[in-house]
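Listing of my_file-v7.cif; format and content: mmCIF, C-alpha atoms and all ligand atoms.
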data_target
#
loop_
_atom_site.group_PDB
_atom_site.id
_atom_site.type_symbol
_atom_site.label_atom_id
_atom_site.label_comp_id
_atom_site.auth_asym_id
_atom_site.auth_seq_id
_atom_site.Cartn_x
_atom_site.Cartn_y
_atom_site.Cartn_z
ATOM 1 C CA MET A 1 100.435 85.329 120.991
ATOM 2 C CA ALA A 2 97.534 86.337 123.251
ATOM 3 C CA LEU A 3 96.435 82.746 124.045
ATOM 4 C CA ASP A 4 98.801 79.812 123.744
ATOM 5 C CA GLY A 5 97.310 76.302 123.934
ATOM 6 C CA VAL A 6 94.779 77.228 126.628
ATOM 7 C CA GLY A 7 92.456 74.257 127.228
ATOM 8 C CA PHE A 8 89.739 73.499 129.798
ATOM 9 C CA ASP A 9 86.183 72.170 130.098
ATOM 10 C CA VAL A 10 83.111 73.934 131.450
ATOM 11 C CA PRO A 11 80.891 71.149 132.861
ATOM 12 C CA GLU A 12 77.143 71.679 132.623
ATOM 13 C CA GLY A 13 75.609 73.288 135.715
ATOM 14 C CA GLN A 14 78.949 74.517 137.087
ATOM 15 C CA ILE A 15 80.726 77.841 137.392
ATOM 16 C CA VAL A 16 84.229 78.024 135.978
ATOM 17 C CA GLY A 17 86.193 81.093 137.088
ATOM 18 C CA ILE A 18 89.050 82.461 134.991
ATOM 19 C CA ILE A 19 91.714 84.381 136.901
ATOM 20 C CA GLY A 20 95.046 85.901 135.972
ATOM 21 C CA PRO A 21 96.998 89.146 136.334
ATOM 22 C CA ASN A 22 96.354 92.089 133.989
ATOM 23 C CA GLY A 23 97.082 91.173 130.396
ATOM 24 C CA ALA A 24 96.900 87.413 131.078
ATOM 25 C CA GLY A 25 94.423 86.895 128.232
ATOM 26 C CA LYS A 26 91.080 86.618 130.051
ATOM 27 C CA THR A 27 89.166 89.097 127.909
ATOM 28 C CA THR A 28 90.812 87.753 124.765
ATOM 29 C CA LEU A 29 89.556 84.293 125.738
ATOM 30 C CA PHE A 30 85.996 85.657 126.084
ATOM 31 C CA ASN A 31 86.300 87.449 122.761
ATOM 32 C CA CYS A 32 87.478 84.248 121.070
ATOM 33 C CA ILE A 33 84.530 82.255 122.455
ATOM 34 C CA SER A 34 82.122 85.039 121.374
ATOM 35 C CA ARG A 35 83.921 85.018 117.988
ATOM 36 C CA LEU A 36 84.647 88.739 118.280
ATOM 37 C CA TYR A 37 88.312 87.896 117.713
ATOM 38 C CA PRO A 38 89.512 85.521 115.001
ATOM 39 C CA VAL A 39 91.121 82.312 116.267
ATOM 40 C CA HIS A 40 94.189 81.089 114.427
ATOM 41 C CA GLY A 41 94.434 77.584 115.853
ATOM 42 C CA GLY A 42 92.764 75.022 118.093
ATOM 43 C CA ASP A 43 89.018 74.697 118.548
ATOM 44 C CA ILE A 44 86.168 75.771 120.840
ATOM 45 C CA LEU A 45 83.383 73.205 121.196
ATOM 46 C CA LEU A 46 79.868 73.569 122.552
ATOM 47 C CA ASP A 47 78.397 70.083 123.034
ATOM 48 C CA GLY A 48 80.820 68.793 120.431
ATOM 49 C CA VAL A 49 79.929 71.458 117.828
ATOM 50 C CA SER A 50 82.828 73.668 116.787
ATOM 51 C CA LEU A 51 82.026 77.341 117.337
ATOM 52 C CA LEU A 52 84.734 78.180 114.848
ATOM 53 C CA SER A 53 82.691 76.579 112.067
ATOM 54 C CA GLN A 54 79.774 78.923 112.827
ATOM 55 C CA PRO A 55 79.377 82.494 111.587
ATOM 56 C CA GLN A 56 79.725 85.085 114.344
ATOM 57 C CA HIS A 57 76.037 86.090 114.276
ATOM 58 C CA ARG A 58 74.974 82.518 115.136
ATOM 59 C CA ILE A 59 76.876 82.365 118.428
ATOM 60 C CA ALA A 60 73.987 83.783 120.496
ATOM 61 C CA GLY A 61 71.595 81.439 118.660
ATOM 62 C CA LEU A 62 73.717 78.482 119.766
ATOM 63 C CA GLY A 63 73.009 79.448 123.365
ATOM 64 C CA ILE A 64 75.957 81.595 124.416
ATOM 65 C CA ALA A 65 75.115 84.857 126.189
ATOM 66 C CA ARG A 66 77.518 87.283 127.808
ATOM 67 C CA THR A 67 77.761 90.436 129.827
ATOM 68 C CA PHE A 68 80.482 93.042 129.361
ATOM 69 C CA GLN A 69 82.892 94.626 131.826
ATOM 70 C CA ASN A 70 81.563 98.120 131.064
ATOM 71 C CA VAL A 71 77.941 97.118 130.420
ATOM 72 C CA ALA A 72 76.592 97.121 126.845
ATOM 73 C CA LEU A 73 72.871 97.937 126.859
ATOM 74 C CA PHE A 74 70.540 99.945 124.618
ATOM 75 C CA ASP A 75 70.698 103.133 126.689
ATOM 76 C CA THR A 76 67.630 104.847 125.239
ATOM 77 C CA LEU A 77 65.360 101.838 125.767
ATOM 78 C CA SER A 78 63.660 100.942 129.023
ATOM 79 C CA VAL A 79 64.806 98.167 131.331
ATOM 80 C CA ALA A 80 61.864 95.946 130.258
ATOM 81 C CA GLU A 81 62.596 96.572 126.576
ATOM 82 C CA ASN A 82 66.255 95.653 126.997
ATOM 83 C CA ILE A 83 65.310 92.410 128.714
ATOM 84 C CA ALA A 84 62.665 91.606 126.085
ATOM 85 C CA LEU A 85 65.379 91.983 123.439
ATOM 86 C CA GLY A 86 67.281 89.186 125.174
ATOM 87 C CA ALA A 87 64.254 86.897 124.843
ATOM 88 C CA HIS A 88 63.482 88.003 121.286
ATOM 89 C CA ARG A 89 65.944 85.532 119.770
ATOM 90 C CA ARG A 90 63.914 82.671 121.253
ATOM 91 C CA LEU A 91 60.381 84.027 121.087
ATOM 92 C CA GLY A 92 60.350 86.752 118.429
ATOM 93 C CA ARG A 93 58.903 86.495 114.939
ATOM 94 C CA GLY A 94 60.073 87.935 111.639
ATOM 95 C CA PHE A 95 60.106 91.660 110.925
ATOM 96 C CA LEU A 96 57.239 91.417 108.381
ATOM 97 C CA ALA A 97 54.989 89.424 110.729
ATOM 98 C CA ASP A 98 55.672 92.017 113.463
ATOM 99 C CA ALA A 99 55.072 95.013 111.165
ATOM 100 C CA LEU A 100 51.759 93.601 109.854
ATOM 101 C CA ARG A 101 50.708 92.530 113.362
ATOM 102 C CA PHE A 102 49.947 88.956 112.363
ATOM 103 C CA PRO A 103 48.190 87.029 115.174
ATOM 104 C CA SER A 104 51.383 85.033 115.628
ATOM 105 C CA ALA A 105 53.286 88.311 116.098
ATOM 106 C CA VAL A 106 50.784 89.575 118.674
ATOM 107 C CA ARG A 107 51.119 86.303 120.579
ATOM 108 C CA ALA A 108 54.900 86.587 120.377
ATOM 109 C CA GLN A 109 54.749 90.162 121.763
ATOM 110 C CA ARG A 110 52.697 88.957 124.719
ATOM 111 C CA ALA A 111 55.114 86.109 125.320
ATOM 112 C CA LEU A 112 58.023 88.579 125.232
ATOM 113 C CA ALA A 113 56.334 90.881 127.761
ATOM 114 C CA ALA A 114 55.606 87.914 130.051
ATOM 115 C CA GLU A 115 59.185 86.725 129.752
ATOM 116 C CA ALA A 116 60.538 90.209 130.539
ATOM 117 C CA ALA A 117 58.234 90.383 133.591
ATOM 118 C CA ARG A 118 59.578 87.053 134.827
ATOM 119 C CA TRP A 119 63.204 88.250 134.726
ATOM 120 C CA LEU A 120 62.333 91.675 136.151
ATOM 121 C CA ASP A 121 60.857 89.862 139.113
ATOM 122 C CA MET A 122 63.705 87.368 139.451
ATOM 123 C CA LEU A 123 66.363 90.107 139.487
ATOM 124 C CA GLY A 124 64.394 92.553 141.623
ATOM 125 C CA LEU A 125 64.032 95.126 138.830
ATOM 126 C CA GLU A 126 60.217 95.574 138.821
ATOM 127 C CA ASN A 127 60.468 99.096 140.273
ATOM 128 C CA VAL A 128 62.620 100.323 137.405
ATOM 129 C CA ALA A 129 60.948 98.331 134.602
ATOM 130 C CA HIS A 130 59.909 101.424 132.653
ATOM 131 C CA ARG A 131 62.915 103.625 133.414
ATOM 132 C CA ARG A 132 65.398 104.418 130.665
ATOM 133 C CA VAL A 133 68.573 102.451 131.178
ATOM 134 C CA SER A 134 70.762 105.566 130.823
ATOM 135 C CA ASP A 135 69.065 107.102 133.898
ATOM 136 C CA LEU A 136 70.006 104.229 136.195
ATOM 137 C CA PRO A 137 73.043 103.790 138.457
ATOM 138 C CA PHE A 138 75.839 101.497 137.268
ATOM 139 C CA GLY A 139 75.014 98.692 139.724
ATOM 140 C CA THR A 140 71.411 98.510 138.494
ATOM 141 C CA ARG A 141 72.522 98.535 134.858
ATOM 142 C CA LYS A 142 74.768 95.557 135.611
ATOM 143 C CA ARG A 143 71.719 93.664 136.867
ATOM 144 C CA VAL A 144 69.731 94.651 133.762
ATOM 145 C CA GLU A 145 72.505 93.287 131.575
ATOM 146 C CA LEU A 146 72.477 90.051 133.553
ATOM 147 C CA ALA A 147 68.686 89.828 133.161
ATOM 148 C CA ARG A 148 68.978 90.362 129.410
ATOM 149 C CA ALA A 149 71.587 87.606 129.121
ATOM 150 C CA LEU A 150 69.421 85.244 131.209
ATOM 151 C CA ALA A 151 66.367 85.985 129.061
ATOM 152 C CA CYS A 152 68.242 84.282 126.198
ATOM 153 C CA LYS A 153 68.063 81.074 128.322
ATOM 154 C CA PRO A 154 71.738 80.517 127.605
ATOM 155 C CA ARG A 155 73.408 77.130 127.705
ATOM 156 C CA LEU A 156 76.585 79.007 128.564
ATOM 157 C CA LEU A 157 76.495 82.336 130.378
ATOM 158 C CA MET A 158 79.728 84.333 130.218
ATOM 159 C CA LEU A 159 80.162 87.034 132.852
ATOM 160 C CA ASP A 160 82.982 89.509 132.214
ATOM 161 C CA GLU A 161 83.968 91.118 135.534
ATOM 162 C CA PRO A 162 80.398 91.258 136.864
ATOM 163 C CA VAL A 163 81.357 93.065 140.088
ATOM 164 C CA ALA A 164 83.861 95.568 138.639
ATOM 165 C CA GLY A 165 82.867 99.117 139.585
ATOM 166 C CA LEU A 166 80.391 98.028 142.277
ATOM 167 C CA ASN A 167 80.552 99.095 145.911
ATOM 168 C CA HIS A 168 81.034 96.593 148.726
ATOM 169 C CA ALA A 169 77.308 96.061 149.397
ATOM 170 C CA GLU A 170 76.559 95.673 145.672
ATOM 171 C CA VAL A 171 79.390 93.125 145.303
ATOM 172 C CA GLU A 172 77.901 91.009 148.108
ATOM 173 C CA GLU A 173 74.421 91.344 146.617
ATOM 174 C CA LEU A 174 75.424 90.375 143.073
ATOM 175 C CA THR A 175 77.524 87.443 144.294
ATOM 176 C CA ALA A 176 74.564 86.077 146.265
ATOM 177 C CA LEU A 177 72.295 86.657 143.265
ATOM 178 C CA VAL A 178 74.558 84.735 140.850
ATOM 179 C CA ARG A 179 74.872 81.880 143.368
ATOM 180 C CA SER A 180 71.121 81.618 143.858
ATOM 181 C CA LEU A 181 70.397 81.891 140.116
ATOM 182 C CA LYS A 182 72.882 79.118 139.433
ATOM 183 C CA GLU A 183 71.162 76.880 141.978
ATOM 184 C CA ARG A 184 67.617 77.714 140.861
ATOM 185 C CA LEU A 185 68.216 77.609 137.109
ATOM 186 C CA GLY A 186 71.111 75.143 136.866
ATOM 187 C CA LEU A 187 73.190 77.737 135.013
ATOM 188 C CA THR A 188 76.485 76.926 133.345
ATOM 189 C CA VAL A 189 78.757 79.933 133.793
ATOM 190 C CA LEU A 190 82.171 81.083 132.636
ATOM 191 C CA LEU A 191 83.264 83.914 134.888
ATOM 192 C CA VAL A 192 86.140 86.360 134.512
ATOM 193 C CA GLU A 193 86.677 88.357 137.669
ATOM 194 C CA HIS A 194 89.548 90.153 139.425
ATOM 195 C CA HIS A 195 87.760 90.152 142.779
ATOM 196 C CA MET A 196 89.333 87.026 144.320
ATOM 197 C CA HIS A 197 86.783 86.513 147.056
ATOM 198 C CA VAL A 198 83.976 86.539 144.478
ATOM 199 C CA VAL A 199 85.698 84.075 142.098
ATOM 200 C CA MET A 200 86.788 81.712 144.846
ATOM 201 C CA SER A 201 83.418 81.681 146.565
ATOM 202 C CA LEU A 202 81.346 81.244 143.392
ATOM 203 C CA SER A 203 83.441 78.903 141.242
ATOM 204 C CA ASP A 204 83.374 75.113 141.189
ATOM 205 C CA ILE A 205 86.553 75.133 139.101
ATOM 206 C CA VAL A 206 89.137 77.887 138.683
ATOM 207 C CA VAL A 207 91.459 78.214 135.693
ATOM 208 C CA ALA A 208 94.483 80.525 136.062
ATOM 209 C CA LEU A 209 96.100 82.193 133.058
ATOM 210 C CA ASP A 210 99.358 84.091 132.806
ATOM 211 C CA PHE A 211 100.870 85.562 129.632
ATOM 212 C CA GLY A 212 98.275 83.679 127.574
ATOM 213 C CA ARG A 213 99.081 80.266 129.033
ATOM 214 C CA ARG A 214 97.096 78.104 131.436
ATOM 215 C CA ILE A 215 99.236 77.844 134.561
ATOM 216 C CA ALA A 216 96.776 76.053 136.875
ATOM 217 C CA ALA A 217 93.286 74.559 137.008
ATOM 218 C CA GLY A 218 91.373 72.893 139.827
ATOM 219 C CA THR A 219 89.179 73.641 142.800
ATOM 220 C CA PRO A 220 89.433 77.157 144.247
ATOM 221 C CA GLU A 221 91.492 75.787 147.159
ATOM 222 C CA GLN A 222 93.946 73.999 144.856
ATOM 223 C CA VAL A 223 94.434 77.035 142.627
ATOM 224 C CA GLN A 224 94.916 79.435 145.535
ATOM 225 C CA ARG A 225 97.689 77.202 146.873
ATOM 226 C CA ASP A 226 99.365 76.697 143.501
ATOM 227 C CA PRO A 227 102.939 78.113 143.589
ATOM 228 C CA GLU A 228 102.774 79.165 139.903
ATOM 229 C CA VAL A 229 99.626 81.165 140.588
ATOM 230 C CA ILE A 230 101.124 82.852 143.646
ATOM 231 C CA ARG A 231 104.270 83.663 141.651
ATOM 232 C CA ALA A 232 102.240 85.091 138.755
ATOM 233 C CA TYR A 233 100.365 87.454 141.057
ATOM 234 C CA LEU A 234 103.357 88.465 143.139
ATOM 235 C CA GLY A 235 105.305 89.199 139.969
ATOM 236 C CA ASP A 236 102.530 91.408 138.654
ATOM 237 C CA GLN A 237 103.323 94.980 139.617
ATOM 238 C CA ARG A 238 100.310 96.411 137.800
ATOM 239 C CA SER A 239 97.400 94.970 139.758
ATOM 240 C CA GLY A 240 99.178 93.677 142.868
ATOM 241 C CA PRO A 241 98.479 90.237 144.310
ATOM 242 C CA PRO A 242 94.999 89.434 145.548
ATOM 243 C CA ARG A 243 94.988 89.590 149.341
ATOM 244 C CA ASP A 244 94.103 85.904 149.795
ATOM 245 C CA LEU A 245 97.062 84.835 147.700
ATOM 246 C CA GLU A 246 99.410 87.380 149.251
ATOM 247 C CA ARG A 247 98.691 86.020 152.723
ATOM 248 C CA LYS A 248 99.330 82.471 151.551
ATOM 249 C CA ALA A 249 102.606 83.449 149.882
ATOM 250 C CA ALA A 250 103.793 85.207 153.056
ATOM 251 C CA SER A 251 103.081 82.144 155.171
HETATM 252 N N1 LIG B 1 93.162 94.167 120.175
HETATM 253 C C1 LIG B 1 94.376 93.873 120.614
HETATM 254 N N2 LIG B 1 95.458 94.050 119.847
HETATM 255 C C2 LIG B 1 96.697 93.743 120.284
HETATM 256 N N3 LIG B 1 96.944 93.219 121.496
HETATM 257 C C3 LIG B 1 95.917 93.020 122.301
HETATM 258 C C4 LIG B 1 94.580 93.327 121.915
HETATM 259 N N4 LIG B 1 93.747 92.998 122.930
HETATM 260 C C5 LIG B 1 94.543 92.523 123.910
HETATM 261 N N5 LIG B 1 95.844 92.530 123.523
HETATM 262 C C6 LIG B 1 96.977 92.052 124.312
HETATM 263 O O1 LIG B 1 96.727 90.679 124.594
HETATM 264 C C7 LIG B 1 97.138 90.371 125.919
HETATM 265 C C8 LIG B 1 95.956 89.843 126.698
HETATM 266 O O2 LIG B 1 95.041 90.937 126.956
HETATM 267 P P1 LIG B 1 93.637 90.739 127.655
HETATM 268 O O3 LIG B 1 92.934 92.055 127.590
HETATM 269 O O4 LIG B 1 92.946 89.549 127.092
HETATM 270 O O5 LIG B 1 94.084 90.427 129.147
HETATM 271 P P2 LIG B 1 93.192 90.352 130.452
HETATM 272 O O6 LIG B 1 93.651 89.149 131.200
HETATM 273 O O7 LIG B 1 91.749 90.416 130.109
HETATM 274 O O8 LIG B 1 93.633 91.672 131.213
HETATM 275 P P3 LIG B 1 92.789 92.623 132.205
HETATM 276 O O9 LIG B 1 92.672 91.856 133.471
HETATM 277 O O10 LIG B 1 93.687 93.817 132.348
HETATM 278 O O11 LIG B 1 91.468 92.931 131.559
HETATM 279 C C9 LIG B 1 97.741 91.646 126.502
HETATM 280 O O12 LIG B 1 99.125 91.584 126.306
HETATM 281 C C10 LIG B 1 97.102 92.734 125.659
HETATM 282 O O13 LIG B 1 97.941 93.855 125.607
#

Go through the file and emit its structure as structure tokens.
Ligand SMILES: Nc1ncnc2c1ncn2[C@@H]1O[C@H](COP(=O)(O)OP(=O)(O)OP(=O)(O)O)[C@@H](O)[C@H]1O
Amino acid sequence: MALDGVGFDVPEGQIVGIIGPNGAGKTTLFNCISRLYPVHGGDILLDGVSLLSQPQHRIAGLGIARTFQNVALFDTLSVAENIALGAHRRLGRGFLADALRFPSAVRAQRALAAEAARWLDMLGLENVAHRRVSDLPFGTRKRVELARALACKPRLLMLDEPVAGLNHAEVEELTALVRSLKERLGLTVLLVEHHMHVVMSLSDIVVALDFGRRIAAGTPEQVQRDPEVIRAYLGDQRSGPPRDLERKAAS
């Protein structure tokens, strides 16, 4: 069983960080919320509405946007086009209206371009707006993916290892960006991240998983001190304990 009775709330306007050693079930949890994996029991509610009662293709329409660990963009499209696609769900018109260039479709196109420009500016991507995504370095593509998710104006933003594969300076930059976006936009975020400093500094609440079970939940300070959490990381020979936790265990 990949997830066994895992329960927690994500309060509006807060960041909830999910931690756990390799194989704990973090990605499975994301895939269940996105409805990529079937769920065999329990429920997942967004403002009291069961996501499990919705078809998979309606999940984005309900206001859930996500980024992926390895970045999932349309590589042959430009940065601006990728971001506009994120806003299309909210502002786009039907295929026929677009194809026949109805006035409503022309207005929608302008609104999409304006929306893309807004996110390009907010994420510092103006200089690469017209570059093909495949030509850009990994760190920039991560920011494009974040911009596309934000352009959906999500009620819940799910970030899957947003700093994985980034260098030290890029990690600092993206962490500061997520913090400032949360403050400016009042984002509600579910964050999976192995980088302990990033999770602990960004999250209002941290939930720790191990072998598919929730072993702790609370403020970052509470979870870092939790003996079960320290044990789970020290017992994990694959990823090794995060340095913060290792120090605490040693003392
Ligand atoms: N498609 C699958 N089929 C069978 N088992 C799977 C599948 N996906 C994940 N698992 C198993 O489910 C468990 C949870 O895996 P998951 O990838 O969710 O962990 P994780 O916490 O995200 O790990 P990591 O930090 O390494 O990404 C693991 O035992 C994994 O081997």

Q: Please check which protein, DNA or RNA residues sit within 6 Å of ligand LIG 1 (chain B), counting only C-alpha atoms and all ligand atoms, and write them as number ranges by chain.
A: A: 2, 20-28

Write out the residues from the selection above, keeping C-alpha atoms, as an mmCIF file, in the coordinates of the input.
data_model
loop_
_atom_site.group_PDB
_atom_site.id
_atom_site.type_symbol
_atom_site.label_atom_id
_atom_site.label_comp_id
_atom_site.auth_asym_id
_atom_site.auth_seq_id
_atom_site.Cartn_x
_atom_site.Cartn_y
_atom_site.Cartn_z
ATOM 1 C CA ALA A 2 97.534 86.337 123.251
ATOM 2 C CA GLY A 20 95.046 85.901 135.972
ATOM 3 C CA PRO A 21 96.998 89.146 136.334
ATOM 4 C CA ASN A 22 96.354 92.089 133.989
ATOM 5 C CA GLY A 23 97.082 91.173 130.396
ATOM 6 C CA ALA A 24 96.900 87.413 131.078
ATOM 7 C CA GLY A 25 94.423 86.895 128.232
ATOM 8 C CA LYS A 26 91.080 86.618 130.051
ATOM 9 C CA THR A 27 89.166 89.097 127.909
ATOM 10 C CA THR A 28 90.812 87.753 124.765
#

**Q.** 8 Å contact set for region 55-59 of chain A, all atoms listed in the file, chain neighbours under 6 positions out, as a PyMOL selection string
**A.** chain A and resi 34-36

(Q) I need the residue nearest Gly63 (chain A) from this list: A:His195, A:Lys153, A:His40, A:Arg143. Use only C-alpha atoms for the distance. (A) A:Lys153

Q | Nearest to Leu190 (chain A) by atom-to-atom distance, counting all atoms listed in the file, from A:Ala164, A:Leu3, A:Ile33, A:Ile83 | A | A:Ile33

Q: Calculate how many Å separate CA of Ala147 (chain A) from CA of Leu46 (chain A), rounding to one decimal.
A: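 Atom-to-atom, CA of Ala147 (chain A) and CA of Leu46 (chain A) are spaced 22.4 Å apart.
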
Q.
Counting only C-alpha atoms, which residue out of A:Met196, A:Leu181, A:Leu209, A:Val163 sits closest to Gln224 (chain A)?
A. A:Met196

**Q.** Proximity to Phe8 (chain A) - best of A:Arg225, A:Phe74, A:Pro220, A:Val207, all atoms listed in the file
**A.**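 Among the listed residues, the smallest separation from Phe8 (chain A) belongs to A:Val207.
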
Q. Could you name the residues that touch Thr76 (chain A) at 12 Å or less, counting all atoms listed in the file, but leaving out those on the same chain fewer than 6 positions away, as a list of chain:residue names?
A.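 That gives A:Asn82, A:His130, A:Arg131, A:Arg132, A:Val133, A:Ser134, A:Asp135, A:Leu136.
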
Q | Given all atoms listed in the file as the counted atoms, nearest of A:Met122, A:Gly7, A:Ile44, A:Leu62 to Arg184 (chain A) | A |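 Among A:Met122, A:Gly7, A:Ile44, A:Leu62, it is A:Met122 that comes nearest to Arg184 (chain A).
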
Q: Tell me which of A:Glu172, A:Phe30, A:Asp9, A:Ile19 sits closest to Phe211 (chain A), counting only C-alpha atoms.
A: A:Ile19

Q: Determine, counting all atoms listed in the file, which protein, DNA and RNA residues have an atom within 8 Å of an atom of Ala80 (chain A); residues of the same chain fewer than 6 positions away are not included. Present the result as a list in words.
A: Ala113, Ala116, Ala117, Leu120, Ala129 and His130 of chain A

Q: Quick one: apply the PyMOL selection byres (((chain A and resi 64) around 6) and not hetatm) to the file and drop the selected residues here as a PyMOL selection string.
A: chain A and resi 60+63+65+154+156

Q | Shell of 8 Å around Met200 (chain A), all atoms listed in the file, local chain residues under 5 positions omitted, as a ChimeraX atom specification | A | /A:17,206,220-221

(Q) For Gly165 (chain A), find every residue with an atom within 10 Å (counting only C-alpha atoms), except residues of its own chain fewer than 4 positions away, and show them as a ChimeraX atom specification. (A) /A:69-70,138-139,142,161,170-171

Q | Ground truth for the PyMOL selection byres (((chain A and resi 114) around 12) and not hetatm), written as a list of chain:residue names | A |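 Selection result, ordered by chain and number: A:Ala80, A:Glu81, A:Ile83, A:Ala84, A:Ala87, A:His88, A:Leu91, A:Arg107, A:Ala108, A:Gln109, A:Arg110, A:Ala111, A:Leu112, A:Ala113, A:Glu115, A:Ala116, A:Ala117, A:Arg118, A:Trp119, A:Leu120, A:Asp121, A:Ala151.
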
**Q.** Length of the CA of Leu187 (chain A) to CA of Ile15 (chain A) vector [Å]
**A.** 7.9 Å

Q. CA of Val10 (chain A) and CA of Ala72 (chain A), how far apart in Å?
A.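 Straight-line distance from CA of Ala72 (chain A) to CA of Val10 (chain A) works out to 24.5 Å.
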
What box, with edges along x, y and z, holds each listed atom of region 16-22 of chain A when 8 Å is added on every side, and can you state its centre and edge lengths in Å to one decimal, as AutoDock Vina command-line options?
--center_x 90.6 --center_y 85.1 --center_z 135.5 --size_x 28.8 --size_y 30.1 --size_z 19.1

For region 3-15 of chain A, supply N, CA and C atoms and report the output as a short mmCIF file (atom, residue, chain, number, x, y, z; two decimals), in the coordinates of the input.
data_model
loop_
_atom_site.label_atom_id
_atom_site.label_comp_id
_atom_site.auth_asym_id
_atom_site.auth_seq_id
_atom_site.Cartn_x
_atom_site.Cartn_y
_atom_site.Cartn_z
N LEU A 3 96.83 83.98 123.36
CA LEU A 3 96.44 82.75 124.04
C LEU A 3 97.22 81.60 123.42
N ASP A 4 97.89 80.83 124.27
CA ASP A 4 98.80 79.81 123.74
C ASP A 4 98.42 78.44 124.31
N GLY A 5 97.66 77.66 123.53
CA GLY A 5 97.31 76.30 123.93
C GLY A 5 96.47 76.23 125.19
N VAL A 6 95.62 77.22 125.41
CA VAL A 6 94.78 77.23 126.63
C VAL A 6 93.63 76.22 126.44
N GLY A 7 93.53 75.24 127.34
CA GLY A 7 92.46 74.26 127.23
C GLY A 7 91.80 73.98 128.57
N PHE A 8 90.47 73.88 128.58
CA PHE A 8 89.74 73.50 129.80
C PHE A 8 88.30 73.18 129.41
N ASP A 9 87.60 72.49 130.32
CA ASP A 9 86.18 72.17 130.10
C ASP A 9 85.32 73.01 131.02
N VAL A 10 84.10 73.29 130.58
CA VAL A 10 83.11 73.93 131.45
C VAL A 10 81.96 72.93 131.61
N PRO A 11 81.94 72.15 132.70
CA PRO A 11 80.89 71.15 132.86
C PRO A 11 79.52 71.81 133.06
N GLU A 12 78.50 71.15 132.53
CA GLU A 12 77.14 71.68 132.62
C GLU A 12 76.75 71.89 134.09
N GLY A 13 76.11 73.02 134.36
CA GLY A 13 75.61 73.29 135.72
C GLY A 13 76.68 73.77 136.68
N GLN A 14 77.88 74.06 136.19
CA GLN A 14 78.95 74.52 137.09
C GLN A 14 79.43 75.92 136.71
N ILE A 15 80.12 76.54 137.66
CA ILE A 15 80.73 77.84 137.39
C ILE A 15 82.24 77.65 137.29
#
